[in-house]
>>> print(open('entry.csv').read())   # CSV, C-alpha atoms
chain,number,residue,atom,x,y,z
J,1,MET,CA,-23.2,44.3,19.5
J,2,GLY,CA,-26.4,42.6,20.6
J,3,PHE,CA,-27.8,39.5,22.2
J,4,GLN,CA,-25.9,37.2,19.8
J,5,ASP,CA,-22.8,38.2,21.8
J,6,PHE,CA,-24.2,36.9,25.1
J,7,LEU,CA,-23.0,33.4,25.6
J,8,GLY,CA,-25.0,30.6,27.2
J,9,ASN,CA,-28.4,30.5,29.0
J,10,SER,CA,-30.3,31.0,25.7
J,11,ALA,CA,-33.6,29.8,27.2
J,12,THR,CA,-33.5,32.4,30.0
J,13,VAL,CA,-32.4,35.2,27.7
J,14,ALA,CA,-35.1,34.3,25.2
J,15,ARG,CA,-37.8,34.5,27.8
J,16,LEU,CA,-36.7,37.9,28.9
J,17,ARG,CA,-36.6,39.2,25.3
J,18,GLU,CA,-40.1,37.8,24.8
J,19,SER,CA,-41.3,39.7,27.8
J,20,VAL,CA,-40.0,42.9,26.2
J,21,ARG,CA,-41.8,42.1,23.0
J,22,ALA,CA,-45.1,41.5,24.9
J,23,GLU,CA,-44.5,44.7,26.9
J,24,ARG,CA,-44.7,42.6,30.1
J,25,PHE,CA,-41.2,43.3,31.4
J,26,PRO,CA,-41.2,42.8,35.2
J,27,GLN,CA,-41.1,45.7,37.6
J,28,ALA,CA,-38.8,43.7,39.9
J,29,MET,CA,-36.5,40.9,38.9
J,30,ILE,CA,-33.7,38.9,40.5
J,31,LEU,CA,-30.9,37.6,38.3
J,32,SER,CA,-29.0,34.9,40.1
J,33,GLY,CA,-26.0,32.9,39.0
J,34,PRO,CA,-22.3,32.3,39.8
J,35,LYS,CA,-19.8,35.1,39.7
J,36,GLY,CA,-18.8,35.8,36.1
J,37,ALA,CA,-22.0,34.2,34.6
J,38,GLY,CA,-22.9,37.5,32.9
J,39,LYS,CA,-25.6,38.8,35.3
J,40,TYR,CA,-24.5,42.5,35.1
J,41,THR,CA,-23.9,42.3,31.3
J,42,LEU,CA,-27.4,40.9,30.8
J,43,ALA,CA,-29.0,43.5,33.0
J,44,LEU,CA,-27.4,46.3,31.0
J,45,MET,CA,-28.5,44.6,27.8
J,46,LEU,CA,-32.1,44.4,28.9
J,47,ALA,CA,-32.0,48.1,29.9
J,48,GLN,CA,-30.6,48.8,26.4
J,49,LEU,CA,-33.3,46.6,24.7
J,50,VAL,CA,-36.2,48.3,26.5
J,51,ASN,CA,-34.9,51.8,25.8
J,52,CYS,CA,-33.4,51.4,22.3
J,53,LEU,CA,-34.4,54.1,19.9
J,54,GLU,CA,-33.8,52.0,16.8
J,55,PRO,CA,-34.6,48.4,17.9
J,56,THR,CA,-33.8,45.5,15.6
J,57,GLU,CA,-34.3,41.7,15.6
J,58,SER,CA,-32.0,38.7,15.8
J,59,ASP,CA,-32.9,35.1,16.0
J,60,GLY,CA,-36.6,36.1,15.6
J,61,LEU,CA,-36.5,38.1,18.8
J,62,PRO,CA,-36.2,41.8,19.6
J,63,ASP,CA,-32.7,43.2,19.9
J,64,TYR,CA,-31.1,46.5,20.6
J,65,CYS,CA,-29.1,48.4,18.0
J,66,GLY,CA,-26.0,49.3,20.1
J,67,ARG,CA,-25.6,52.6,18.1
J,68,CYS,CA,-28.4,54.9,19.3
J,69,ARG,CA,-27.8,57.5,22.0
J,70,ASN,CA,-29.6,55.4,24.7
J,71,CYS,CA,-27.7,52.2,23.9
J,72,GLN,CA,-24.3,53.9,23.9
J,73,ARG,CA,-24.8,55.8,27.1
J,74,ILE,CA,-26.1,52.8,29.0
J,75,GLY,CA,-23.3,50.7,27.5
J,76,GLU,CA,-20.7,53.2,29.0
J,77,ALA,CA,-21.4,51.5,32.4
J,78,ALA,CA,-20.2,48.1,31.2
J,79,ASN,CA,-16.8,48.4,32.9
J,80,LEU,CA,-18.3,48.4,36.4
J,81,ASP,CA,-15.0,48.2,38.4
J,82,GLU,CA,-13.6,51.2,36.5
J,83,ARG,CA,-16.7,53.3,37.1
J,84,VAL,CA,-16.8,52.4,40.8
J,85,ALA,CA,-13.1,53.3,41.2
J,86,GLU,CA,-13.8,56.7,39.6
J,87,ALA,CA,-16.7,57.3,41.9
J,88,VAL,CA,-14.6,56.3,45.0
J,89,ALA,CA,-11.8,58.6,43.9
J,90,THR,CA,-14.3,61.5,43.5
J,91,ARG,CA,-15.6,60.9,47.0
J,92,GLU,CA,-12.1,60.9,48.4
J,93,ASP,CA,-11.6,64.4,47.1
J,94,MET,CA,-14.6,65.8,49.0
J,95,ARG,CA,-14.5,67.5,52.3
J,96,ASP,CA,-14.8,65.1,55.3
J,97,ALA,CA,-18.4,66.3,56.1
J,98,ASP,CA,-19.5,65.7,52.5
J,99,LYS,CA,-17.6,62.4,52.2
J,100,ARG,CA,-19.5,60.9,55.1
J,101,GLU,CA,-22.9,61.6,53.5
J,102,THR,CA,-22.0,60.6,50.0
J,103,ARG,CA,-22.8,57.1,48.7
J,104,ILE,CA,-21.4,55.4,45.6
J,105,LEU,CA,-23.8,55.3,42.6
J,106,ILE,CA,-23.1,54.9,38.9
J,107,GLN,CA,-25.2,56.7,36.3
J,108,THR,CA,-24.0,57.0,32.7
J,109,HIS,CA,-27.6,57.5,31.5
J,110,PRO,CA,-30.1,59.7,33.4
J,111,ASP,CA,-32.7,56.8,33.5
J,112,VAL,CA,-30.4,53.9,34.5
J,113,LEU,CA,-29.1,53.9,38.0
J,114,ILE,CA,-26.5,51.3,39.1
J,115,VAL,CA,-26.0,50.6,42.8
J,116,PRO,CA,-22.8,48.8,43.8
J,117,PRO,CA,-21.8,47.8,47.3
J,118,ASP,CA,-20.5,50.9,49.1
J,119,PRO,CA,-16.9,50.7,50.2
J,120,PRO,CA,-15.2,50.0,52.5
J,121,GLN,CA,-17.8,47.7,54.0
J,122,LEU,CA,-19.0,46.6,50.6
J,123,LEU,CA,-22.7,46.7,51.5
J,124,ILE,CA,-25.7,48.3,49.9
J,125,LYS,CA,-26.5,51.1,52.4
J,126,LEU,CA,-29.5,53.0,53.4
J,127,GLY,CA,-28.5,56.2,51.6
J,128,GLN,CA,-28.2,54.4,48.3
J,129,VAL,CA,-31.7,52.9,48.7
J,130,ARG,CA,-33.1,56.2,49.6
J,131,GLN,CA,-31.8,57.6,46.3
J,132,VAL,CA,-33.4,54.7,44.5
J,133,ILE,CA,-36.8,55.4,46.2
J,134,HIS,CA,-36.5,59.1,45.2
J,135,VAL,CA,-35.7,58.3,41.6
J,136,ALA,CA,-38.5,55.7,41.4
J,137,HIS,CA,-41.2,57.9,42.8
J,138,PHE,CA,-40.3,61.4,41.9
J,139,ARG,CA,-38.2,61.3,38.7
J,140,PRO,CA,-40.1,60.1,35.6
J,141,PRO,CA,-38.0,58.9,32.6
J,142,VAL,CA,-36.2,61.7,30.9
J,143,ASP,CA,-34.7,60.1,27.8
J,144,ALA,CA,-36.0,56.5,28.1
J,145,ARG,CA,-39.2,54.6,28.0
J,146,ARG,CA,-38.5,53.0,31.4
J,147,THR,CA,-36.1,53.7,34.2
J,148,PHE,CA,-33.9,50.9,35.5
J,149,THR,CA,-32.1,50.4,38.8
J,150,ILE,CA,-29.6,47.6,39.0
J,151,PHE,CA,-28.3,46.4,42.3
J,152,THR,CA,-25.0,44.6,41.6
J,153,SER,CA,-25.0,42.7,44.9
J,154,SER,CA,-27.4,41.1,47.4
J,155,ALA,CA,-25.2,42.3,50.4
J,156,PHE,CA,-27.7,44.7,51.9
J,157,MET,CA,-27.5,46.4,55.3
J,158,LYS,CA,-30.6,45.5,57.3
J,159,GLU,CA,-32.1,49.0,57.2
J,160,ALA,CA,-31.4,49.3,53.5
J,161,ALA,CA,-33.1,45.9,52.7
J,162,ASN,CA,-36.2,47.0,54.7
J,163,SER,CA,-36.4,50.3,52.9
J,164,LEU,CA,-36.2,48.6,49.5
J,165,LEU,CA,-39.5,46.9,50.3
J,166,LYS,CA,-41.2,50.4,50.0
J,167,VAL,CA,-40.5,50.4,46.3
J,168,LEU,CA,-41.2,46.7,45.8
J,169,GLU,CA,-44.6,46.8,47.5
J,170,GLU,CA,-45.9,49.7,45.3
J,171,PRO,CA,-43.5,50.0,42.3
J,172,PRO,CA,-44.2,52.8,39.9
J,173,PRO,CA,-45.4,51.5,36.5
J,174,ASN,CA,-42.5,53.0,34.5
J,175,THR,CA,-39.7,51.5,36.7
J,176,SER,CA,-37.9,48.2,36.8
J,177,LEU,CA,-35.5,47.1,39.6
J,178,ILE,CA,-33.0,44.3,38.9
J,179,LEU,CA,-31.2,42.6,41.8
J,180,LEU,CA,-28.1,40.6,41.0
J,181,THR,CA,-27.0,37.8,43.3
J,182,GLU,CA,-24.9,34.7,43.5
J,183,ASN,CA,-27.3,33.3,46.1
J,184,PRO,CA,-31.0,34.5,46.2
J,185,GLN,CA,-31.3,33.1,49.8
J,186,GLU,CA,-29.1,36.1,50.9
J,187,LEU,CA,-32.1,38.3,50.1
J,188,LEU,CA,-35.0,38.8,52.6
J,189,PRO,CA,-37.9,36.5,51.9
J,190,THR,CA,-40.1,39.5,51.6
J,191,ILE,CA,-37.9,40.8,48.8
J,192,ARG,CA,-37.8,37.4,47.0
J,193,SER,CA,-41.6,37.1,47.1
J,194,ARG,CA,-42.0,40.5,45.3
J,195,ALA,CA,-39.5,39.9,42.5
J,196,MET,CA,-39.4,37.5,39.5
J,197,LEU,CA,-36.4,35.1,39.7
J,198,HIS,CA,-34.4,34.2,36.7
J,199,ARG,CA,-31.3,31.9,37.0
J,200,LEU,CA,-28.2,31.9,34.9
J,201,GLY,CA,-26.7,28.4,34.9
J,202,ALA,CA,-23.1,27.3,34.5
J,203,LEU,CA,-21.8,26.5,31.0
J,204,PRO,CA,-20.2,23.1,30.5
J,205,ALA,CA,-16.4,23.0,30.6
J,206,VAL,CA,-16.2,21.8,27.0
J,207,GLU,CA,-18.1,24.9,25.8
J,208,LEU,CA,-15.8,27.2,27.8
J,209,GLU,CA,-12.7,25.5,26.4
J,210,SER,CA,-14.0,26.1,22.8
J,211,LEU,CA,-14.7,29.7,23.7
J,212,LEU,CA,-11.2,30.1,25.2
J,213,ALA,CA,-9.7,28.7,22.0
J,214,GLN,CA,-11.3,31.6,20.1
J,215,ARG,CA,-11.0,34.4,22.7
J,216,ARG,CA,-7.7,33.5,24.4
J,217,PRO,CA,-5.5,31.8,21.7
J,218,GLU,CA,-2.4,32.4,23.8
J,219,LEU,CA,-3.5,29.7,26.2
J,220,LYS,CA,-2.1,26.2,25.5
J,221,PRO,CA,-4.6,23.2,25.5
J,222,GLN,CA,-3.8,22.2,29.0
J,223,GLU,CA,-4.1,25.8,30.2
J,224,ARG,CA,-7.5,26.1,28.5
J,225,ALA,CA,-8.7,22.9,30.2
J,226,LEU,CA,-7.6,24.2,33.6
J,227,THR,CA,-9.0,27.7,33.1
J,228,ALA,CA,-12.4,26.2,32.0
J,229,ARG,CA,-12.6,24.1,35.1
J,230,LEU,CA,-11.5,26.9,37.4
J,231,ALA,CA,-14.2,29.2,35.9
J,232,GLU,CA,-16.9,26.8,37.2
J,233,GLY,CA,-19.1,27.5,34.2
J,234,ALA,CA,-18.9,31.3,34.3
J,235,VAL,CA,-18.0,32.9,31.0
J,236,GLY,CA,-16.7,36.2,32.5
J,237,ARG,CA,-14.5,34.4,34.9
J,238,ALA,CA,-13.0,32.2,32.2
J,239,LEU,CA,-12.2,35.2,30.0
J,240,SER,CA,-10.7,37.3,32.7
J,241,LEU,CA,-8.9,34.7,34.9
J,242,ASP,CA,-5.2,35.4,35.2
J,243,LEU,CA,-3.8,31.9,35.2
J,244,SER,CA,-0.3,32.9,36.2
J,245,VAL,CA,-1.6,34.6,39.4
J,246,TYR,CA,-3.7,31.6,40.3
J,247,LEU,CA,-0.8,29.1,39.7
J,248,ALA,CA,1.5,31.2,41.9
J,249,SER,CA,-1.1,31.2,44.7
J,250,ARG,CA,-1.7,27.5,44.2
J,251,GLN,CA,2.0,26.8,44.6
J,252,ASP,CA,2.0,28.4,48.0
J,253,ALA,CA,-1.3,26.6,48.9
J,254,LEU,CA,0.4,23.3,48.1
J,255,VAL,CA,3.3,24.2,50.3
J,256,ILE,CA,0.8,24.6,53.2
J,257,LEU,CA,-0.9,21.3,52.5
J,258,ARG,CA,2.3,19.4,52.0
J,259,THR,CA,3.6,20.7,55.3
J,260,ALA,CA,0.5,19.4,57.0
J,261,LEU,CA,0.3,16.0,55.3
J,262,ARG,CA,4.0,15.0,54.9
J,263,GLU,CA,7.1,15.3,57.0
J,264,PRO,CA,7.0,19.0,57.8
J,265,ASP,CA,9.5,21.3,56.1
J,266,TYR,CA,8.9,24.5,58.0
J,267,SER,CA,11.7,26.3,56.3
J,268,GLN,CA,9.9,26.1,53.0
J,269,LEU,CA,6.6,27.1,54.6
J,270,PHE,CA,8.2,30.1,56.3
J,271,ARG,CA,9.8,31.3,53.1
J,272,ALA,CA,6.5,31.1,51.3
J,273,THR,CA,4.4,32.8,54.0
J,274,GLU,CA,7.0,35.5,54.7
J,275,THR,CA,5.9,37.3,51.5
J,276,TYR,CA,2.3,37.8,52.8
J,277,ARG,CA,2.9,41.1,54.4
J,278,ALA,CA,0.7,44.2,55.2
J,279,GLY,CA,-0.7,46.6,52.7
J,280,ALA,CA,-3.2,46.3,49.8
J,281,ASP,CA,-0.9,44.1,47.7
J,282,GLY,CA,-0.5,41.7,50.6
J,283,GLN,CA,-4.2,41.6,51.2
J,284,GLU,CA,-5.0,40.8,47.6
J,285,LYS,CA,-2.2,38.1,47.5
J,286,THR,CA,-3.6,36.5,50.7
J,287,VAL,CA,-7.1,36.5,49.3
J,288,ASN,CA,-5.8,34.7,46.2
J,289,LEU,CA,-4.0,32.2,48.3
J,290,LEU,CA,-7.0,31.4,50.4
J,291,ARG,CA,-9.1,30.9,47.3
J,292,ALA,CA,-6.6,28.6,45.8
J,293,LEU,CA,-6.4,26.6,49.1
J,294,GLY,CA,-10.2,26.4,49.2
J,295,ALA,CA,-10.3,25.1,45.6
J,296,LEU,CA,-7.7,22.4,46.5
J,297,LEU,CA,-9.6,21.3,49.5
J,298,GLU,CA,-12.8,21.0,47.5
J,299,ASP,CA,-10.9,18.9,44.9
J,300,MET,CA,-9.5,16.7,47.7
J,301,LEU,CA,-13.0,16.2,49.0
J,302,LEU,CA,-14.2,15.1,45.6
J,303,VAL,CA,-11.3,12.6,45.3
J,304,VAL,CA,-12.1,11.2,48.8
J,305,ALA,CA,-15.8,11.0,47.8
J,306,GLY,CA,-14.9,8.9,44.7
J,307,THR,CA,-15.7,11.5,42.1
J,308,PRO,CA,-12.2,12.5,40.8
J,309,ALA,CA,-13.6,13.4,37.4
J,310,LEU,CA,-15.2,16.5,38.9
J,311,VAL,CA,-12.0,18.1,40.2
J,312,ARG,CA,-11.1,21.5,38.9
J,313,ASN,CA,-7.3,21.3,39.2
J,314,VAL,CA,-7.1,18.7,36.5
J,315,ASP,CA,-3.4,19.1,36.0
J,316,LEU,CA,-2.8,17.9,39.7
J,317,ALA,CA,-4.9,14.8,39.4
J,318,VAL,CA,-2.0,12.5,40.3
J,319,GLU,CA,-0.8,14.6,43.2
J,320,LEU,CA,-4.4,15.0,44.6
J,321,ASP,CA,-4.8,11.3,44.5
J,322,ARG,CA,-1.5,10.8,46.4
J,323,MET,CA,-2.3,13.5,48.9
J,324,THR,CA,-5.7,12.1,49.8
J,325,GLN,CA,-4.4,8.5,50.5
J,326,GLY,CA,-5.7,7.7,54.0
J,327,LEU,CA,-7.3,11.1,54.4
J,328,THR,CA,-10.7,11.5,56.0
J,329,VAL,CA,-13.6,13.8,55.3
J,330,ASP,CA,-13.3,15.0,58.9
J,331,TRP,CA,-9.7,16.2,58.3
J,332,ILE,CA,-10.8,18.1,55.2
J,333,ASP,CA,-13.7,19.6,57.1
J,334,SER,CA,-11.5,20.7,60.0
J,335,THR,CA,-9.0,22.2,57.5
J,336,ALA,CA,-11.8,24.2,55.8
J,337,ARG,CA,-12.8,25.5,59.3
J,338,ALA,CA,-9.2,26.6,59.9
J,339,LEU,CA,-9.2,28.3,56.6
J,340,ALA,CA,-12.4,30.2,57.6
J,341,GLN,CA,-10.7,31.3,60.8
J,342,VAL,CA,-7.8,32.8,58.8
J,343,GLU,CA,-10.3,34.7,56.7
J,344,GLN,CA,-11.9,36.1,59.8
J,345,GLY,CA,-8.5,37.1,61.2
J,346,MET,CA,-7.8,39.1,58.0
J,347,ARG,CA,-10.9,41.2,58.8
J,348,ARG,CA,-9.5,41.8,62.3
J,349,ASN,CA,-6.1,42.9,60.7
J,350,LEU,CA,-4.1,40.0,62.2
J,351,LEU,CA,-0.6,39.5,60.9
J,352,ARG,CA,-1.1,37.5,57.7
J,353,SER,CA,2.1,35.5,57.6
J,354,LEU,CA,1.8,34.4,61.3
J,355,SER,CA,-1.9,33.4,60.7
J,356,LEU,CA,-0.9,31.3,57.8
J,357,ASP,CA,2.0,29.7,59.7
J,358,ALA,CA,-0.2,29.0,62.7
J,359,MET,CA,-2.8,27.4,60.4
J,360,ALA,CA,-0.3,25.1,58.6
J,361,VAL,CA,1.3,24.0,61.9
J,362,SER,CA,-2.1,23.3,63.5
J,363,LEU,CA,-3.0,21.1,60.4
J,364,SER,CA,0.1,19.0,60.8
J,365,GLU,CA,-1.0,18.2,64.4
J,366,ARG,CA,-4.5,17.0,63.5
>>> encode(input="entry.csv", output="structure tokens")
Amino acid sequence: MGFQDFLGNSATVARLRESVRAERFPQAMILSGPKGAGKYTLALMLAQLVNCLEPTESDGLPDYCGRCRNCQRIGEAANLDERVAEAVATREDMRDADKRETRILIQTHPDVLIVPPDPPQLLIKLGQVRQVIHVAHFRPPVDARRTFTIFTSSAFMKEAANSLLKVLEEPPPNTSLILLTENPQELLPTIRSRAMLHRLGALPAVELESLLAQRRPELKPQERALTARLAEGAVGRALSLDLSVYLASRQDALVILRTALREPDYSQLFRATETYRAGADGQEKTVNLLRALGALLEDMLLVVAGTPALVRNVDLAVELDRMTQGLTVDWIDSTARALAQVEQGMRRNLLRSLSLDAMAVSLSER
């Protein structure tokens, strides 16, 4: 295990490895890129590289061994979702008084602190940043050359973001903070100005298809092509995408669009939306539907704009062309706004099936 296993963005990765060799690794860094581009994986790799007890080389650049105590303990945090779920379960078992004061933090190595968004609001909170400040200023490295703090999201509460500036303005010399984000503009300008920005770009669909042929041989060629397009250049998303779940959500999204664009068949619409009920399963199913509907709207916009070669749902090229005949950009824009209203309604716990029905009926009247 080493940097040869990290796919894509070789120039960016090489620059970061060179900075380790020159002992000029930044004290504050922003890693930006689409979801699934490998930001978190790369951040852990860099923490392993800086603190490896038996460093090696690959491609003429420094690499980590993956076997020493530091590499293994840092690598134990690789499955972030699993670690967060464990931390949340532990908090739920606490007394109510302790539960309110406890924030979610992941630490499989004493000198590498991982800060995910704290549920249920899924924001980086003040208590988490206070712990980061304490670690940075009052806890020197125990088993490592350098301490690392990795923020896995740029969704900060205002107070938390302002407090983070205290570390960024006067960072301790033996500490590095890495902030992961899909959009650097979500961060305060004062944070961006104090951190070095590195971007992870999207991989071409052709490269992702080749990777999928090796890593997911169960996919047929047409499925590989669709998965590669849906991943939008993100390796992690391509490898983890459950195509069957997406296709089921897309089928219901097509029912909504067909109801709006053709002679309405409300019976089919109501049968589809009836399954979007309350509960966690219903929420996840609704989120998947809205994402599929959003992807179809983007593809329809590309067709209307005269760039059908860029659509993601490549297996629906003929139907997308047929659905967009006579369609205007204004209709697509208003539909996207209606979709955003349904998403807002979900946060207010509106009945999902009725929200979807109301959206579909309103689209047919536009």
>>> residues_around(input="entry.csv", residues="range 164-177 of chain J", least_positions_apart="3", cutoff="10 Å", atoms="all atoms listed in the file", output="compact mmCIF listing (two decimals) with C-alpha atoms, in the coordinates of the input")
# COMPACT_ATOMS: atom_id res chain seq x y z
CA PHE J 25 -41.20 43.30 31.40
CA PRO J 26 -41.20 42.80 35.20
CA GLN J 27 -41.10 45.70 37.60
CA ALA J 28 -38.80 43.70 39.90
CA MET J 29 -36.50 40.90 38.90
CA ILE J 30 -33.70 38.90 40.50
CA ALA J 43 -29.00 43.50 33.00
CA ALA J 47 -32.00 48.10 29.90
CA ASP J 111 -32.70 56.80 33.50
CA VAL J 112 -30.40 53.90 34.50
CA LEU J 113 -29.10 53.90 38.00
CA ILE J 114 -26.50 51.30 39.10
CA LEU J 126 -29.50 53.00 53.40
CA GLN J 128 -28.20 54.40 48.30
CA VAL J 129 -31.70 52.90 48.70
CA ARG J 130 -33.10 56.20 49.60
CA VAL J 132 -33.40 54.70 44.50
CA ILE J 133 -36.80 55.40 46.20
CA HIS J 134 -36.50 59.10 45.20
CA VAL J 135 -35.70 58.30 41.60
CA ALA J 136 -38.50 55.70 41.40
CA HIS J 137 -41.20 57.90 42.80
CA PHE J 138 -40.30 61.40 41.90
CA PRO J 140 -40.10 60.10 35.60
CA PRO J 141 -38.00 58.90 32.60
CA ALA J 144 -36.00 56.50 28.10
CA ARG J 145 -39.20 54.60 28.00
CA ARG J 146 -38.50 53.00 31.40
CA THR J 147 -36.10 53.70 34.20
CA PHE J 148 -33.90 50.90 35.50
CA THR J 149 -32.10 50.40 38.80
CA ILE J 150 -29.60 47.60 39.00
CA PHE J 151 -28.30 46.40 42.30
CA PHE J 156 -27.70 44.70 51.90
CA GLU J 159 -32.10 49.00 57.20
CA ALA J 160 -31.40 49.30 53.50
CA ALA J 161 -33.10 45.90 52.70
CA LEU J 180 -28.10 40.60 41.00
CA LEU J 188 -35.00 38.80 52.60
CA THR J 190 -40.10 39.50 51.60
CA ILE J 191 -37.90 40.80 48.80
CA ARG J 192 -37.80 37.40 47.00
CA SER J 193 -41.60 37.10 47.10
CA ARG J 194 -42.00 40.50 45.30
CA ALA J 195 -39.50 39.90 42.50
>>> atom_distance(input="entry.csv", atom1="CA of Lys39 in chain J", atom2="CA of Leu122 in chain J")
18.4 Å
>>> residues_around(input="entry.csv", residues="Gly2 in chain J", least_positions_apart="4", cutoff="7 Å", atoms="all atoms listed in the file", output="JSON, numbers by chain")
{"J": [63, 64, 65, 66]}
>>> closest_residue(input="entry.csv", among="J:Asn183, J:Gln222, J:Gln121, J:Thr152", to="Leu105 in chain J", atoms="only C-alpha atoms")
J:Thr152
>>> atom_distance(input="entry.csv", atom1="CA of Ala358 in chain J", atom2="CA of Leu302 in chain J")
26.1 Å
>>> closest_residue(input="entry.csv", among="J:Gln48, J:Ala11, J:Thr324, J:Ser267", to="Gly75 in chain J", atoms="only C-alpha atoms")
J:Gln48
>>> closest_residue(input="entry.csv", among="J:Pro308, J:Pro221, J:Gly294, J:Gly38", to="Ile256 in chain J", atoms="only C-alpha atoms")
J:Gly294
>>> build_atoms(input="entry.csv", residues="range 4-23 of chain J", atoms="N, CA and C atoms", output="PDB file, keeping the file's coordinate frame")
ATOM      1  N   GLN J   4     -26.698  38.340  20.370  1.00  0.00           N
ATOM      2  CA  GLN J   4     -25.900  37.200  19.800  1.00  0.00           C
ATOM      3  C   GLN J   4     -24.554  37.131  20.439  1.00  0.00           C
ATOM      4  N   ASP J   5     -24.109  38.185  21.127  1.00  0.00           N
ATOM      5  CA  ASP J   5     -22.800  38.200  21.800  1.00  0.00           C
ATOM      6  C   ASP J   5     -22.893  37.648  23.223  1.00  0.00           C
ATOM      7  N   PHE J   6     -24.103  37.411  23.726  1.00  0.00           N
ATOM      8  CA  PHE J   6     -24.200  36.900  25.100  1.00  0.00           C
ATOM      9  C   PHE J   6     -24.187  35.363  25.015  1.00  0.00           C
ATOM     10  N   LEU J   7     -23.259  34.783  25.739  1.00  0.00           N
ATOM     11  CA  LEU J   7     -23.000  33.400  25.600  1.00  0.00           C
ATOM     12  C   LEU J   7     -23.711  32.564  26.720  1.00  0.00           C
ATOM     13  N   GLY J   8     -24.413  31.515  26.299  1.00  0.00           N
ATOM     14  CA  GLY J   8     -25.000  30.600  27.200  1.00  0.00           C
ATOM     15  C   GLY J   8     -26.411  31.086  27.722  1.00  0.00           C
ATOM     16  N   ASN J   9     -27.113  30.197  28.423  1.00  0.00           N
ATOM     17  CA  ASN J   9     -28.400  30.500  29.000  1.00  0.00           C
ATOM     18  C   ASN J   9     -29.407  31.061  28.007  1.00  0.00           C
ATOM     19  N   SER J  10     -29.427  30.471  26.815  1.00  0.00           N
ATOM     20  CA  SER J  10     -30.300  31.000  25.700  1.00  0.00           C
ATOM     21  C   SER J  10     -31.745  30.959  26.071  1.00  0.00           C
ATOM     22  N   ALA J  11     -32.199  29.935  26.823  1.00  0.00           N
ATOM     23  CA  ALA J  11     -33.600  29.800  27.200  1.00  0.00           C
ATOM     24  C   ALA J  11     -34.045  30.998  28.070  1.00  0.00           C
ATOM     25  N   THR J  12     -33.231  31.289  29.082  1.00  0.00           N
ATOM     26  CA  THR J  12     -33.500  32.400  30.000  1.00  0.00           C
ATOM     27  C   THR J  12     -33.530  33.723  29.273  1.00  0.00           C
ATOM     28  N   VAL J  13     -32.516  33.939  28.442  1.00  0.00           N
ATOM     29  CA  VAL J  13     -32.400  35.200  27.700  1.00  0.00           C
ATOM     30  C   VAL J  13     -33.589  35.347  26.738  1.00  0.00           C
ATOM     31  N   ALA J  14     -33.982  34.259  26.090  1.00  0.00           N
ATOM     32  CA  ALA J  14     -35.100  34.300  25.200  1.00  0.00           C
ATOM     33  C   ALA J  14     -36.407  34.688  25.882  1.00  0.00           C
ATOM     34  N   ARG J  15     -36.627  34.139  27.077  1.00  0.00           N
ATOM     35  CA  ARG J  15     -37.800  34.500  27.800  1.00  0.00           C
ATOM     36  C   ARG J  15     -37.871  35.965  28.180  1.00  0.00           C
ATOM     37  N   LEU J  16     -36.726  36.506  28.547  1.00  0.00           N
ATOM     38  CA  LEU J  16     -36.700  37.900  28.900  1.00  0.00           C
ATOM     39  C   LEU J  16     -36.913  38.801  27.668  1.00  0.00           C
ATOM     40  N   ARG J  17     -36.369  38.409  26.545  1.00  0.00           N
ATOM     41  CA  ARG J  17     -36.600  39.200  25.300  1.00  0.00           C
ATOM     42  C   ARG J  17     -38.063  39.089  24.879  1.00  0.00           C
ATOM     43  N   GLU J  18     -38.676  37.943  25.082  1.00  0.00           N
ATOM     44  CA  GLU J  18     -40.100  37.800  24.800  1.00  0.00           C
ATOM     45  C   GLU J  18     -40.950  38.702  25.656  1.00  0.00           C
ATOM     46  N   SER J  19     -40.554  38.844  26.923  1.00  0.00           N
ATOM     47  CA  SER J  19     -41.300  39.700  27.800  1.00  0.00           C
ATOM     48  C   SER J  19     -41.257  41.168  27.361  1.00  0.00           C
ATOM     49  N   VAL J  20     -40.134  41.569  26.757  1.00  0.00           N
ATOM     50  CA  VAL J  20     -40.000  42.900  26.200  1.00  0.00           C
ATOM     51  C   VAL J  20     -40.941  43.077  25.012  1.00  0.00           C
ATOM     52  N   ARG J  21     -40.949  42.076  24.144  1.00  0.00           N
ATOM     53  CA  ARG J  21     -41.800  42.100  23.000  1.00  0.00           C
ATOM     54  C   ARG J  21     -43.282  42.238  23.390  1.00  0.00           C
ATOM     55  N   ALA J  22     -43.670  41.492  24.418  1.00  0.00           N
ATOM     56  CA  ALA J  22     -45.100  41.500  24.900  1.00  0.00           C
ATOM     57  C   ALA J  22     -45.378  42.666  25.784  1.00  0.00           C
ATOM     58  N   GLU J  23     -44.382  43.541  26.016  1.00  0.00           N
ATOM     59  CA  GLU J  23     -44.500  44.700  26.900  1.00  0.00           C
ATOM     60  C   GLU J  23     -44.976  44.258  28.300  1.00  0.00           C
TER      61      GLU J  23
END
